[in-house]
Each structure stands twice: as C-alpha cells, then as structure tokens.
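**Student:** As input, take protein.txt (compact mmCIF, C-alpha atoms):
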# COMPACT_ATOMS: atom_id res chain seq x y z
CA MET A 332 -203.31 198.03 105.75
CA ASP A 333 -204.73 196.54 108.89
CA GLU A 334 -208.06 195.95 107.21
CA ILE A 335 -206.42 194.27 104.28
CA GLU A 336 -204.40 192.06 106.64
CA LYS A 337 -207.51 191.16 108.59
CA ALA A 338 -209.39 190.31 105.41
CA LEU A 339 -206.52 188.07 104.24
CA LYS A 340 -206.24 186.31 107.60
CA THR A 341 -209.95 185.65 107.58
CA ALA A 342 -209.85 184.38 104.04
CA LEU A 343 -206.78 182.16 104.56
CA GLN A 344 -207.47 180.71 107.98
CA ARG A 345 -207.70 176.85 108.15
CA GLU A 346 -211.07 175.29 108.27
CA PRO A 347 -211.69 171.62 109.05
CA ALA A 348 -213.08 169.47 106.22
CA PRO A 349 -216.76 168.78 106.40
CA SER A 350 -217.73 165.43 107.82
CA GLY A 351 -217.83 162.57 105.26
CA PHE A 352 -215.53 164.41 102.87
CA ALA A 353 -212.89 161.62 102.77
CA ASP A 354 -215.54 158.94 102.12
CA GLN A 355 -216.95 160.97 99.29
CA VAL A 356 -213.50 161.38 97.71
CA LEU A 357 -212.80 157.64 97.92
CA ARG A 358 -216.20 156.74 96.55
CA LYS A 359 -215.78 159.02 93.59
CA ALA A 360 -212.27 157.75 92.94
CA SER A 361 -213.45 154.15 92.87
CA MET A 362 -216.25 155.03 90.53
CA ARG A 363 -213.73 156.49 88.11
CA SER A 364 -211.36 153.45 88.09
CA MET A 365 -210.72 151.76 84.73
CA PRO A 366 -212.83 148.73 83.89
CA VAL A 367 -210.94 145.37 83.80
CA VAL A 368 -210.45 144.28 80.21
CA PRO A 369 -210.10 140.52 79.77
CA PRO A 370 -206.72 139.57 78.12
CA VAL A 371 -206.81 138.52 74.52
CA PHE A 372 -204.17 135.74 75.10
CA PRO A 373 -203.81 133.73 78.31
CA PRO A 374 -200.60 134.47 80.27
CA LEU A 375 -197.58 132.47 79.02
CA VAL A 376 -196.14 129.84 81.39
CA PRO A 377 -192.52 128.75 80.72
CA TRP A 378 -192.49 125.17 79.32
CA TRP A 379 -190.36 123.87 82.15
CA ARG A 380 -192.95 124.99 84.64
CA MET A 381 -195.77 123.16 82.95
CA PHE A 382 -197.00 120.26 85.09
CA PRO A 383 -196.73 117.36 82.59
CA VAL A 384 -193.35 118.50 81.33
CA ARG A 385 -191.97 118.50 84.85
CA TRP A 386 -193.10 114.92 85.37
CA ALA A 387 -191.83 113.87 81.97
CA VAL A 388 -188.41 115.38 82.69
CA ALA A 389 -188.30 113.68 86.09
CA GLY A 390 -189.26 110.37 84.47
CA VAL A 391 -186.61 110.68 81.78
CA VAL A 392 -183.95 111.47 84.40
CA VAL A 393 -184.96 108.46 86.52
CA VAL A 394 -185.00 106.12 83.51
CA ALA A 395 -181.64 107.46 82.30
CA CYS A 396 -180.15 106.87 85.76
CA MET A 397 -181.54 103.33 85.83
CA VAL A 398 -180.28 102.50 82.35
CA GLY A 399 -176.88 103.97 83.22
CA GLY A 400 -176.74 101.94 86.42
CA VAL A 401 -177.67 98.72 84.66
CA ALA A 402 -175.13 99.36 81.90
CA GLU A 403 -172.37 100.09 84.42
CA HIS A 404 -173.25 96.95 86.40
CA ALA A 405 -173.10 94.89 83.20
CA ARG A 406 -169.73 96.44 82.34
CA GLN A 407 -168.33 95.61 85.79
CA GLN A 408 -169.68 92.05 85.49
CA ARG A 409 -167.99 91.67 82.12
CA ILE A 410 -164.66 92.86 83.53
CA ARG A 411 -164.93 90.53 86.52
CA GLY A 412 -166.00 87.67 84.28
CA GLU A 413 -163.05 88.17 81.96
CA GLN A 414 -160.69 88.26 84.96
CA ALA A 415 -162.25 85.04 86.28
CA ARG A 416 -161.91 83.44 82.85
CA GLN A 417 -158.23 84.39 82.68
CA LYS A 418 -157.72 82.92 86.14
CA VAL A 419 -159.37 79.65 85.16
CA LEU A 420 -157.25 79.36 82.04
CA LEU A 421 -154.08 80.22 83.97
CA ALA A 422 -154.86 77.65 86.67
CA LEU A 423 -155.56 74.96 84.08
CA ARG A 424 -152.43 75.85 82.17
CA ILE A 425 -150.23 75.59 85.24
CA THR A 426 -151.89 72.33 86.26
CA GLY A 427 -151.61 70.87 82.77
CA THR A 428 -147.97 71.91 82.48
CA LYS A 429 -147.06 70.27 85.78
CA LEU A 430 -148.89 67.06 84.89
CA ARG A 431 -147.13 66.93 81.55
CA GLN A 432 -143.83 67.55 83.30
CA VAL A 433 -144.47 64.55 85.55
CA GLN A 434 -145.44 62.43 82.57
CA ARG A 435 -142.20 63.36 80.83
CA GLN A 436 -140.15 62.56 83.92
CA VAL A 437 -141.82 59.17 84.25
CA VAL A 438 -141.24 58.36 80.58
CA GLN A 439 -137.62 59.49 80.83
CA ARG A 440 -137.14 57.30 83.89
CA GLN A 441 -138.51 54.29 81.99
CA VAL A 442 -136.23 55.01 79.03
CA ASP A 443 -133.23 55.28 81.35
CA LYS A 444 -134.19 52.03 83.03
CA SER A 445 -134.58 50.15 79.75
CA ASP A 446 -131.27 51.55 78.53
CA GLU A 447 -129.60 50.30 81.68
CA GLU A 448 -131.19 46.88 81.30
CA GLY A 449 -130.17 46.74 77.63
CA ALA A 450 -126.60 47.65 78.51
CA GLU A 451 -126.24 45.03 81.25
CA PRO A 452 -125.72 41.85 79.12
CA ARG A 453 -122.75 43.37 77.39
CA MET B 1054 -173.79 98.36 132.44
CA LYS B 1055 -174.12 94.58 132.64
CA ILE B 1056 -175.91 94.54 129.29
CA LYS B 1057 -173.06 96.52 127.74
CA HIS B 1058 -170.48 94.04 129.06
CA ALA B 1059 -172.54 91.12 127.82
CA ALA B 1060 -172.79 92.71 124.36
CA ILE B 1061 -169.03 93.26 124.19
CA PHE B 1062 -168.44 89.66 125.34
CA LEU B 1063 -170.81 88.30 122.68
CA LEU B 1064 -169.19 90.45 120.01
CA ALA B 1065 -165.75 89.18 120.99
CA ILE B 1066 -166.97 85.57 120.79
CA PHE B 1067 -168.55 86.28 117.40
CA LEU B 1068 -165.33 87.78 116.06
CA LEU B 1069 -163.29 84.85 117.38
CA LEU B 1070 -165.66 82.38 115.72
CA MET B 1071 -165.43 84.32 112.47
CA ALA B 1072 -161.63 84.27 112.62
CA PHE B 1073 -161.57 80.51 113.30
CA SER B 1074 -164.09 79.76 110.57
CA ASN B 1075 -162.07 81.81 108.08
CA ARG B 1076 -158.94 79.94 109.09
CA ALA B 1077 -160.76 76.63 108.84
CA TYR B 1078 -162.12 77.57 105.41
CA ALA B 1079 -158.68 78.61 104.19
CA GLN B 1080 -157.26 75.36 105.55
CA ALA B 1081 -159.95 73.35 103.80
CA THR B 1082 -159.42 75.01 100.44
CA PHE B 1083 -155.65 74.96 100.58
CA PRO B 1084 -154.23 72.25 102.79
CA VAL B 1085 -150.68 73.58 103.19
CA ASP B 1086 -149.52 76.79 104.76
CA THR B 1087 -147.42 78.70 102.25
CA THR B 1088 -147.13 81.96 104.16
CA LYS B 1089 -143.42 81.62 104.87
CA LEU B 1090 -142.67 80.66 101.28
CA ALA B 1091 -144.55 83.68 100.03
CA GLU B 1092 -142.41 85.92 102.22
CA ARG B 1093 -139.22 84.51 100.72
CA ALA B 1094 -140.39 84.20 97.12
CA ASP B 1095 -139.41 86.77 94.54
CA GLU B 1096 -142.53 86.25 92.54
CA THR B 1097 -145.79 84.67 93.51
CA THR B 1098 -148.75 83.56 91.45
CA THR B 1099 -151.96 82.91 93.32
CA VAL B 1100 -155.16 81.64 91.80
CA SER B 1101 -158.12 80.92 94.05
CA LEU B 1102 -161.38 79.92 92.42
CA ASP B 1103 -164.19 78.44 94.45
CA LYS B 1104 -167.27 76.79 92.96
CA ASN B 1105 -169.19 80.05 92.61
CA MET B 1106 -166.26 81.71 90.90
CA LEU B 1107 -165.82 78.78 88.54
CA GLN B 1108 -169.49 78.91 87.59
CA PHE B 1109 -169.25 82.65 87.08
CA ALA B 1110 -166.12 82.27 84.94
CA SER B 1111 -167.69 79.53 82.82
CA ARG B 1112 -170.30 82.04 81.67
CA PHE B 1113 -167.52 84.10 80.11
CA LEU B 1114 -165.64 81.26 78.45
CA SER B 1115 -166.03 81.61 74.72
CA SER B 1116 -166.85 78.96 72.16
CA ASN B 1117 -163.30 78.34 70.95
CA ASP B 1118 -161.71 74.95 71.57
CA GLU B 1119 -159.63 75.90 74.57
CA ASP B 1120 -162.45 77.65 76.34
CA ARG B 1121 -164.86 74.81 75.56
CA GLU B 1122 -162.41 72.31 77.00
CA ALA B 1123 -161.91 74.47 80.06
CA ARG B 1124 -165.66 74.76 80.56
CA ARG B 1125 -166.04 71.00 80.34
CA ILE B 1126 -163.35 70.41 82.95
CA ILE B 1127 -164.51 72.98 85.48
CA ALA B 1128 -168.19 72.11 85.11
CA ASN B 1129 -168.19 69.71 88.07
CA LEU B 1130 -165.31 71.11 90.07
CA ASP B 1131 -165.70 72.65 93.50
CA GLY B 1132 -162.56 74.74 93.33
CA ILE B 1133 -159.11 75.26 91.88
CA TYR B 1134 -156.34 76.74 93.98
CA VAL B 1135 -152.87 77.34 92.58
CA ARG B 1136 -149.80 78.80 94.28
CA THR B 1137 -146.55 79.29 92.41
CA PHE B 1138 -143.46 80.68 94.09
CA GLU B 1139 -140.43 81.67 92.10
CA PHE B 1140 -137.05 82.32 93.66
CA LYS B 1141 -134.06 84.09 92.20
CA THR B 1142 -131.65 81.90 94.12
CA PRO B 1143 -131.76 78.12 93.67
CA ASN B 1144 -132.67 75.86 96.57
CA ALA B 1145 -134.47 78.59 98.45
CA TYR B 1146 -136.43 75.96 100.32
CA SER B 1147 -135.22 72.93 102.22
CA ALA B 1148 -136.05 69.25 101.90
CA SER B 1149 -137.55 69.35 105.37
CA GLU B 1150 -139.95 72.06 104.24
CA LEU B 1151 -141.02 69.87 101.34
CA GLU B 1152 -141.59 67.03 103.78
CA ALA B 1153 -143.78 69.31 105.86
CA PHE B 1154 -145.84 70.14 102.77
CA ARG B 1155 -146.31 66.42 102.06
CA ARG B 1156 -147.41 65.61 105.61
CA PRO B 1157 -151.12 66.57 105.31
CA PHE B 1158 -151.47 63.98 102.54
CA ALA B 1159 -150.20 61.06 104.56
CA GLY B 1160 -153.74 60.36 105.81
CA PRO B 1161 -155.93 57.53 104.50
CA GLU B 1162 -158.17 59.73 102.35
CA TRP B 1163 -155.28 60.73 100.10
CA SER B 1164 -153.47 58.34 97.75
CA HIS B 1165 -149.94 59.13 96.70
CA ILE B 1166 -150.24 58.12 93.07
CA VAL B 1167 -147.10 59.64 91.56
CA SER B 1168 -143.79 60.46 93.12
CA VAL B 1169 -140.96 61.51 90.86
CA HIS B 1170 -137.62 62.42 92.37
CA GLY B 1171 -135.06 63.94 90.07
CA LYS B 1172 -131.33 63.36 90.13
CA GLU B 1173 -130.80 66.85 91.37
CA PRO B 1174 -132.05 67.81 94.82
CA ASN B 1175 -135.29 69.81 94.83
CA GLU B 1176 -136.54 68.36 91.59
CA ASP B 1177 -139.43 66.39 92.93
CA THR B 1178 -143.00 66.06 91.84
CA ASP B 1179 -145.76 64.45 93.85
CA ILE B 1180 -149.37 63.89 92.88
CA TYR B 1181 -151.96 62.95 95.44
CA MET B 1182 -155.52 61.91 94.74
CA ARG B 1183 -158.40 62.12 97.16
CA LEU B 1184 -160.59 59.10 96.66
CA VAL B 1185 -164.14 58.86 97.94
CA ASN B 1186 -165.93 55.55 97.25
CA GLY B 1187 -163.46 54.78 94.52
CA GLU B 1188 -163.98 58.11 92.75
CA VAL B 1189 -161.43 60.86 92.45
CA ARG B 1190 -162.74 63.82 94.44
CA GLY B 1191 -159.66 65.95 94.61
CA MET B 1192 -156.09 66.25 93.50
CA PHE B 1193 -153.01 67.88 94.90
CA ILE B 1194 -149.84 68.47 92.92
CA LEU B 1195 -146.59 69.49 94.52
CA ALA B 1196 -143.98 70.32 91.91
CA ALA B 1197 -140.59 71.35 93.22
CA GLU B 1198 -137.93 72.77 90.98
CA LYS B 1199 -134.69 74.51 91.82
CA GLU B 1200 -136.10 77.98 91.55
CA GLU B 1201 -139.79 77.32 91.60
CA LEU B 1202 -142.30 75.61 93.80
CA THR B 1203 -145.82 74.97 92.59
CA PHE B 1204 -148.87 73.76 94.47
CA VAL B 1205 -152.12 72.90 92.76
CA HIS B 1206 -155.20 71.87 94.68
CA ILE B 1207 -158.27 70.81 92.77
CA LEU B 1208 -161.49 70.06 94.60
CA GLY B 1209 -164.19 67.91 93.10
CA PRO B 1210 -164.35 65.12 90.55
CA ILE B 1211 -161.42 65.36 88.16
CA LYS B 1212 -159.69 63.15 85.63
CA PRO B 1213 -155.94 63.78 85.35
CA GLU B 1214 -155.98 62.92 81.66
CA ASP B 1215 -158.36 65.81 81.05
CA LEU B 1216 -155.86 68.24 82.48
CA ASP B 1217 -152.95 66.66 80.65
CA GLN B 1218 -154.59 67.45 77.32
CA LEU B 1219 -154.68 71.09 78.25
CA SER B 1220 -150.98 71.70 78.72
CA GLY B 1221 -149.39 73.86 76.11
CA ASN B 1222 -152.70 74.95 74.68
CA PHE B 1223 -153.06 78.20 76.52
CA GLY B 1224 -151.06 81.22 75.48
CA ILE B 1225 -151.98 83.00 78.67
CA PRO B 1226 -149.60 85.55 80.10
CA LYS B 1227 -148.94 85.28 83.79
CA ARG B 1228 -150.86 87.45 86.14
CA HIS B 1229 -149.69 90.94 86.97
CA GLY B 1230 -146.53 90.94 89.06
CA THR B 1231 -145.08 87.75 87.67
CA LYS B 1232 -142.53 87.34 84.98
CA GLN B 1233 -143.08 85.37 81.82
CA GLN B 1234 -140.48 82.68 81.51
CA PRO B 1235 -140.33 80.20 78.67
CA ARG B 1236 -140.91 76.78 80.10
CA LYS B 1237 -138.99 73.76 78.90
CA GLU B 1238 -142.21 72.02 77.95
CA ASP B 1239 -143.31 74.97 75.86
CA GLU B 1240 -140.01 75.14 74.02
CA LEU B 1241 -140.25 71.54 72.89
Translate this structure into structure tokens?
**Tutor:**
Amino acid sequence: MDEIEKALKTALQREPAPSGFADQVLRKASMRSMPVVPPVFPPLVPWWRMFPVRWAVAGVVVVACMVGGVAEHARQQRIRGEQARQKVLLALRITGTKLRQVQRQVVQRQVDKSDEEGAEPR
Amino acid sequence: MKIKHAAIFLLAIFLLLMAFSNRAYAQATFPVDTTKLAERADETTTVSLDKNMLQFASRFLSSNDEDREARRIIANLDGIYVRTFEFKTPNAYSASELEAFRRPFAGPEWSHIVSVHGKEPNEDTDIYMRLVNGEVRGMFILAAEKEELTFVHILGPIKPEDLDQLSGNFGIPKRHGTKQQPRKEDEL
C-alpha cells in the first residue's frame, strides 16, 4: 500500500507550467478566431437619427413657430383694431348726438321766440 | 456710498418728472378734471383716442357709408376724448361744479360759440371752439342733463357740421359696463 501511495503522490504532485506556455495558448487561440465576414446590408439607422432629417425637423418646427407667432400677432392686431374702431364710432356717435341736441334746442328756442313775438300784437 | 445716494436721487427726480409729464399730458388731452364726478357717477363711459390710435382704428374701418364717413372725419384729427357720466339721482352735480368745468375755456384761445340753457336747471349745453389763425383746431362740448353729464374734447381741425351728419347713424352699443338707454333724439 505504501508503494502504491508513493506512486500516486509522485504522479499527482503539482508541477509548474513550462515557461512560455501562456503565450503559446494565447497565440493559438488567436489563430483559431473566426474571420470577420463583411455584412451584406449596412447597419440600419433610425430615420429620426439621420442627419438631414434632424435638420429638416428642426427647420419645420422653427418655421411653424414663426408662422404661429405671426398669425397670433395678426389676430391680436385685428382684435385691437376692431376695439379701436368701435371706440371711434362710439365717440363720434356721442359727439354727433350732443351736437344735434344743441341744434334742436337752438331751433326750439327760435320757435318759442317767434311764437312769443307773434302772440304779442294780440 | 455717495454714488448710490446720487443714483437714488436721480431716480427720484426721474420718477417725479415722469409723474408731472403724465399729469401734463393728461391735462393737455382732457382739459377738465372729472375724477370726482367719476367717483359719484353710477355709470361712466370713457373714450380716449390719440392720433396714433385714430390712425390705427382707421385701418379697420370698413367700406360702408358710416365707416367711410368716420374715416374722413378722423383723418386729420389729433385726438378724440369723451367722458360720459350717468347718475341714478337727478342733479347729482351742482351749478358751481359746471362753472368750474367751464373755467378752462374762458381764455382767449377758446371761443364760446354756443351756449344753450334749458328751462330746467342742469340742462345746459356749451360748445367751445379753439381757433388758431382763424381755423378751428379743437372743440369742447359740455352737455349737462339732469342725470347725465357729457364732455367731448376733439383735438385737431374739425368742422361741426361733419359731426352733426353723423348723429343717429351709428347703431353702436355702449361700451361694457354702461347701460343702453334710448335717447330722445333716437326715438324721433
């Protein structure tokens, strides 16, 4: 039994790897690596990441904002203009009404006066 | 520190000048102070249109007869300012107040062309014209009724007959916050 044990120990004892073993393994592994096959189709890029599309989208957004701004400004101008128009018409109406009122009072006064003068000889 | 004090001093002077210029501008555009009347009035109509506003408004006047006439009249005007005060109780203002309103027009540049005094108190109408080199350059109307007091100030060249043609032609509702009352002239 002792001889068998000794033989086993001798056979199973650790031995350091020979020098350059790791380099040889790596070299052989690299030699076996698969060759790079060129792709049949180029890789797909999402449309929104394409350079011209990005600029086009940005341009459209800017133009839409500008058009919206101009339209809103025009709308506000129209509202203000209509308010100003109403004010002008109201002011002229009030003025015209008061002038007409004065005219009527003056005419009435003249009628009263002529009536009084006509009544006097009696 | 001195610079800071100087800056505050200059700012105060600037603000004072601004306040005075605003007051002077308001005085120039509307020659009577109606603040107290406005406090007592139940309903107030205020229209203030300077030259810029008149020009702006004329762009929006349409091609119908009334608007065309309005455009013709306002073309050369420098401003229209109207104040109407309506009171629920009659005689809400005194004769002395009316006299105070007439005082600014006693000067030589204004001519008192029409003065109508009704039989009833507070039924007076006065029209003043501002003449410059024989040309009418402004008009002020003070129309006093029992429950209503109206001031109209028109700046610029104006012919009264132009305005007279306008009366009754405009079916314009009063501005927001005022009541629509049938006027005697409109009923006739």
**Student:** Mind pulling up the distance from atom CA of B:Thr1203 to atom CA of B:Arg1093?
**Tutor:**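 A separation of 14.2 Å between them.
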**Student:** How many Å separate atom CA of B:Asp1179 from atom CA of B:Thr1137?
**Tutor:** 14.9 Å
**Student:** Dump as a ChimeraX atom specification all residues having an atom at most 10 Å from (-164.5, 82.2, 84.7), computed in the file's coordinates with all atoms listed in the file.
**Tutor:** /A:411-420 /B:1102,1105-1114,1120,1123-1124,1127
**Student:** Those selected residues, please, written with C-alpha atoms and delivered as a PDB file, keeping the file's coordinate frame.
**Tutor:**
ATOM      1  CA  ARG A 411    -164.930  90.530  86.520  1.00  0.00           C
ATOM      2  CA  GLY A 412    -166.000  87.670  84.280  1.00  0.00           C
ATOM      3  CA  GLU A 413    -163.050  88.170  81.960  1.00  0.00           C
ATOM      4  CA  GLN A 414    -160.690  88.260  84.960  1.00  0.00           C
ATOM      5  CA  ALA A 415    -162.250  85.040  86.280  1.00  0.00           C
ATOM      6  CA  ARG A 416    -161.910  83.440  82.850  1.00  0.00           C
ATOM      7  CA  GLN A 417    -158.230  84.390  82.680  1.00  0.00           C
ATOM      8  CA  LYS A 418    -157.720  82.920  86.140  1.00  0.00           C
ATOM      9  CA  VAL A 419    -159.370  79.650  85.160  1.00  0.00           C
ATOM     10  CA  LEU A 420    -157.250  79.360  82.040  1.00  0.00           C
TER      11      LEU A 420
ATOM     12  CA  LEU B1102    -161.380  79.920  92.420  1.00  0.00           C
ATOM     13  CA  ASN B1105    -169.190  80.050  92.610  1.00  0.00           C
ATOM     14  CA  MET B1106    -166.260  81.710  90.900  1.00  0.00           C
ATOM     15  CA  LEU B1107    -165.820  78.780  88.540  1.00  0.00           C
ATOM     16  CA  GLN B1108    -169.490  78.910  87.590  1.00  0.00           C
ATOM     17  CA  PHE B1109    -169.250  82.650  87.080  1.00  0.00           C
ATOM     18  CA  ALA B1110    -166.120  82.270  84.940  1.00  0.00           C
ATOM     19  CA  SER B1111    -167.690  79.530  82.820  1.00  0.00           C
ATOM     20  CA  ARG B1112    -170.300  82.040  81.670  1.00  0.00           C
ATOM     21  CA  PHE B1113    -167.520  84.100  80.110  1.00  0.00           C
ATOM     22  CA  LEU B1114    -165.640  81.260  78.450  1.00  0.00           C
ATOM     23  CA  ASP B1120    -162.450  77.650  76.340  1.00  0.00           C
ATOM     24  CA  ALA B1123    -161.910  74.470  80.060  1.00  0.00           C
ATOM     25  CA  ARG B1124    -165.660  74.760  80.560  1.00  0.00           C
ATOM     26  CA  ILE B1127    -164.510  72.980  85.480  1.00  0.00           C
TER      27      ILE B1127
END
**Student:** Let me make sure I understand: among B:Gly1171, B:Gly1160, B:Pro1143, B:Pro1084, which one has the smallest atom-to-atom distance to chain A if we use all atoms listed in the file?
**Tutor:**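 Under the stated criterion, the closest residue is B:Gly1171.
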**Student:** Identify which of the residues A:Gln355, A:Ser350, A:Gln434, A:Thr426 lies closest to B:Phe1204, counting all atoms listed in the file when measuring atom-to-atom distances.
**Tutor:**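 Selected residue with least distance to B:Phe1204: A:Thr426.
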**Student:** Distance atom CA of B:Ile1126-atom CA of B:Val1189, one decimal place?
**Tutor:** 13.6 Å
**Student:** Quick one: of A:Leu423, A:Ala387, A:Leu343, A:Val442, who's nearest to chain B, counting only C-alpha atoms?
**Tutor:** A:Leu423
**Student:** Using all atoms listed in the file, which of B:Leu1208, B:Leu1130, B:Met1182, B:Val1100 sits nearest chain A?
**Tutor:** B:Val1100
**Student:** Residues at most 12 Å from B:Glu1092, counting all atoms listed in the file, excluding those fewer than 6 positions away in the same chain, as a PDB file with C-alpha atoms, in the frame of the given file?
**Tutor:**
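Writing the result to out_10.pdb gives the following:
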ATOM      1  CA  ASP B1086    -149.520  76.790 104.760  1.00  0.00           C
ATOM      2  CA  PHE B1138    -143.460  80.680  94.090  1.00  0.00           C
ATOM      3  CA  GLU B1139    -140.430  81.670  92.100  1.00  0.00           C
ATOM      4  CA  PHE B1140    -137.050  82.320  93.660  1.00  0.00           C
ATOM      5  CA  ALA B1145    -134.470  78.590  98.450  1.00  0.00           C
ATOM      6  CA  TYR B1146    -136.430  75.960 100.320  1.00  0.00           C
TER       7      TYR B1146
END
**Student:** Can you find the residues with an atom no farther than 12 Å from (-163.3, 58.9, 99.6), counting all atoms listed in the file, and report them as a list in words?
**Tutor:**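 Protein, DNA and RNA residues close to (-163.3, 58.9, 99.6): Gly1160, Pro1161, Glu1162, Trp1163, Ser1164, Met1182, Arg1183, Leu1184, Val1185, Asn1186, Gly1187, Glu1188, Val1189, Arg1190, Gly1191, Met1192, Gly1209 and Pro1210 of chain B.
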**Student:** Could you add whatever atoms are missing so that stretch 380-409 of chain A carries N, CA and C atoms, then write the result as a tab-separated table (two decimals), keeping the file's coordinate frame?
**Tutor:**
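Okay, result_15.tsv is ready:
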chain	number	residue	atom	x	y	z
A	380	ARG	N	-192.11	124.92	83.45
A	380	ARG	CA	-192.95	124.99	84.64
A	380	ARG	C	-194.30	124.33	84.42
A	381	MET	N	-194.50	123.84	83.23
A	381	MET	CA	-195.77	123.16	82.95
A	381	MET	C	-195.79	121.82	83.69
A	382	PHE	N	-196.88	121.44	84.23
A	382	PHE	CA	-197.00	120.26	85.09
A	382	PHE	C	-196.57	118.96	84.41
A	383	PRO	N	-197.12	118.64	83.21
A	383	PRO	CA	-196.73	117.36	82.59
A	383	PRO	C	-195.27	117.33	82.18
A	384	VAL	N	-194.75	118.46	81.77
A	384	VAL	CA	-193.35	118.50	81.33
A	384	VAL	C	-192.43	118.20	82.51
A	385	ARG	N	-192.78	118.76	83.65
A	385	ARG	CA	-191.97	118.50	84.85
A	385	ARG	C	-191.90	117.00	85.14
A	386	TRP	N	-193.07	116.36	85.09
A	386	TRP	CA	-193.10	114.92	85.37
A	386	TRP	C	-192.36	114.13	84.30
A	387	ALA	N	-192.51	114.57	83.07
A	387	ALA	CA	-191.83	113.87	81.97
A	387	ALA	C	-190.32	113.97	82.14
A	388	VAL	N	-189.85	115.17	82.50
A	388	VAL	CA	-188.41	115.38	82.69
A	388	VAL	C	-187.92	114.50	83.85
A	389	ALA	N	-188.69	114.50	84.93
A	389	ALA	CA	-188.30	113.68	86.09
A	389	ALA	C	-188.25	112.20	85.69
A	390	GLY	N	-189.22	111.76	84.92
A	390	GLY	CA	-189.26	110.37	84.47
A	390	GLY	C	-188.06	110.02	83.61
A	391	VAL	N	-187.75	110.92	82.68
A	391	VAL	CA	-186.61	110.68	81.78
A	391	VAL	C	-185.32	110.58	82.59
A	392	VAL	N	-185.17	111.47	83.57
A	392	VAL	CA	-183.95	111.47	84.40
A	392	VAL	C	-183.85	110.14	85.17
A	393	VAL	N	-184.96	109.72	85.74
A	393	VAL	CA	-184.96	108.46	86.52
A	393	VAL	C	-184.62	107.27	85.61
A	394	VAL	N	-185.26	107.23	84.44
A	394	VAL	CA	-185.00	106.12	83.51
A	394	VAL	C	-183.56	106.14	83.04
A	395	ALA	N	-183.03	107.35	82.75
A	395	ALA	CA	-181.64	107.46	82.30
A	395	ALA	C	-180.69	106.96	83.39
A	396	CYS	N	-180.99	107.33	84.64
A	396	CYS	CA	-180.15	106.87	85.76
A	396	CYS	C	-180.20	105.35	85.87
A	397	MET	N	-181.40	104.79	85.72
A	397	MET	CA	-181.54	103.33	85.83
A	397	MET	C	-180.80	102.62	84.71
A	398	VAL	N	-180.96	103.12	83.50
A	398	VAL	CA	-180.28	102.50	82.35
A	398	VAL	C	-178.77	102.60	82.52
A	399	GLY	N	-178.31	103.79	82.98
A	399	GLY	CA	-176.88	103.97	83.22
A	399	GLY	C	-176.36	103.01	84.28
A	400	GLY	N	-177.13	102.85	85.34
A	400	GLY	CA	-176.74	101.94	86.42
A	400	GLY	C	-176.65	100.51	85.95
A	401	VAL	N	-177.65	100.11	85.18
A	401	VAL	CA	-177.67	98.72	84.66
A	401	VAL	C	-176.49	98.50	83.71
A	402	ALA	N	-176.23	99.49	82.86
A	402	ALA	CA	-175.13	99.36	81.90
A	402	ALA	C	-173.79	99.27	82.63
A	403	GLU	N	-173.62	100.09	83.66
A	403	GLU	CA	-172.37	100.09	84.42
A	403	GLU	C	-172.20	98.76	85.15
A	404	HIS	N	-173.30	98.25	85.71
A	404	HIS	CA	-173.25	96.95	86.40
A	404	HIS	C	-172.83	95.85	85.42
A	405	ALA	N	-173.43	95.90	84.22
A	405	ALA	CA	-173.10	94.89	83.20
A	405	ALA	C	-171.63	95.00	82.81
A	406	ARG	N	-171.14	96.23	82.72
A	406	ARG	CA	-169.73	96.44	82.34
A	406	ARG	C	-168.80	95.86	83.40
A	407	GLN	N	-169.14	96.14	84.67
A	407	GLN	CA	-168.33	95.61	85.79
A	407	GLN	C	-168.37	94.09	85.79
A	408	GLN	N	-169.54	93.51	85.52
A	408	GLN	CA	-169.68	92.05	85.49
A	408	GLN	C	-168.80	91.47	84.39
A	409	ARG	N	-168.80	92.15	83.24
A	409	ARG	CA	-167.99	91.67	82.12
A	409	ARG	C	-166.50	91.67	82.48
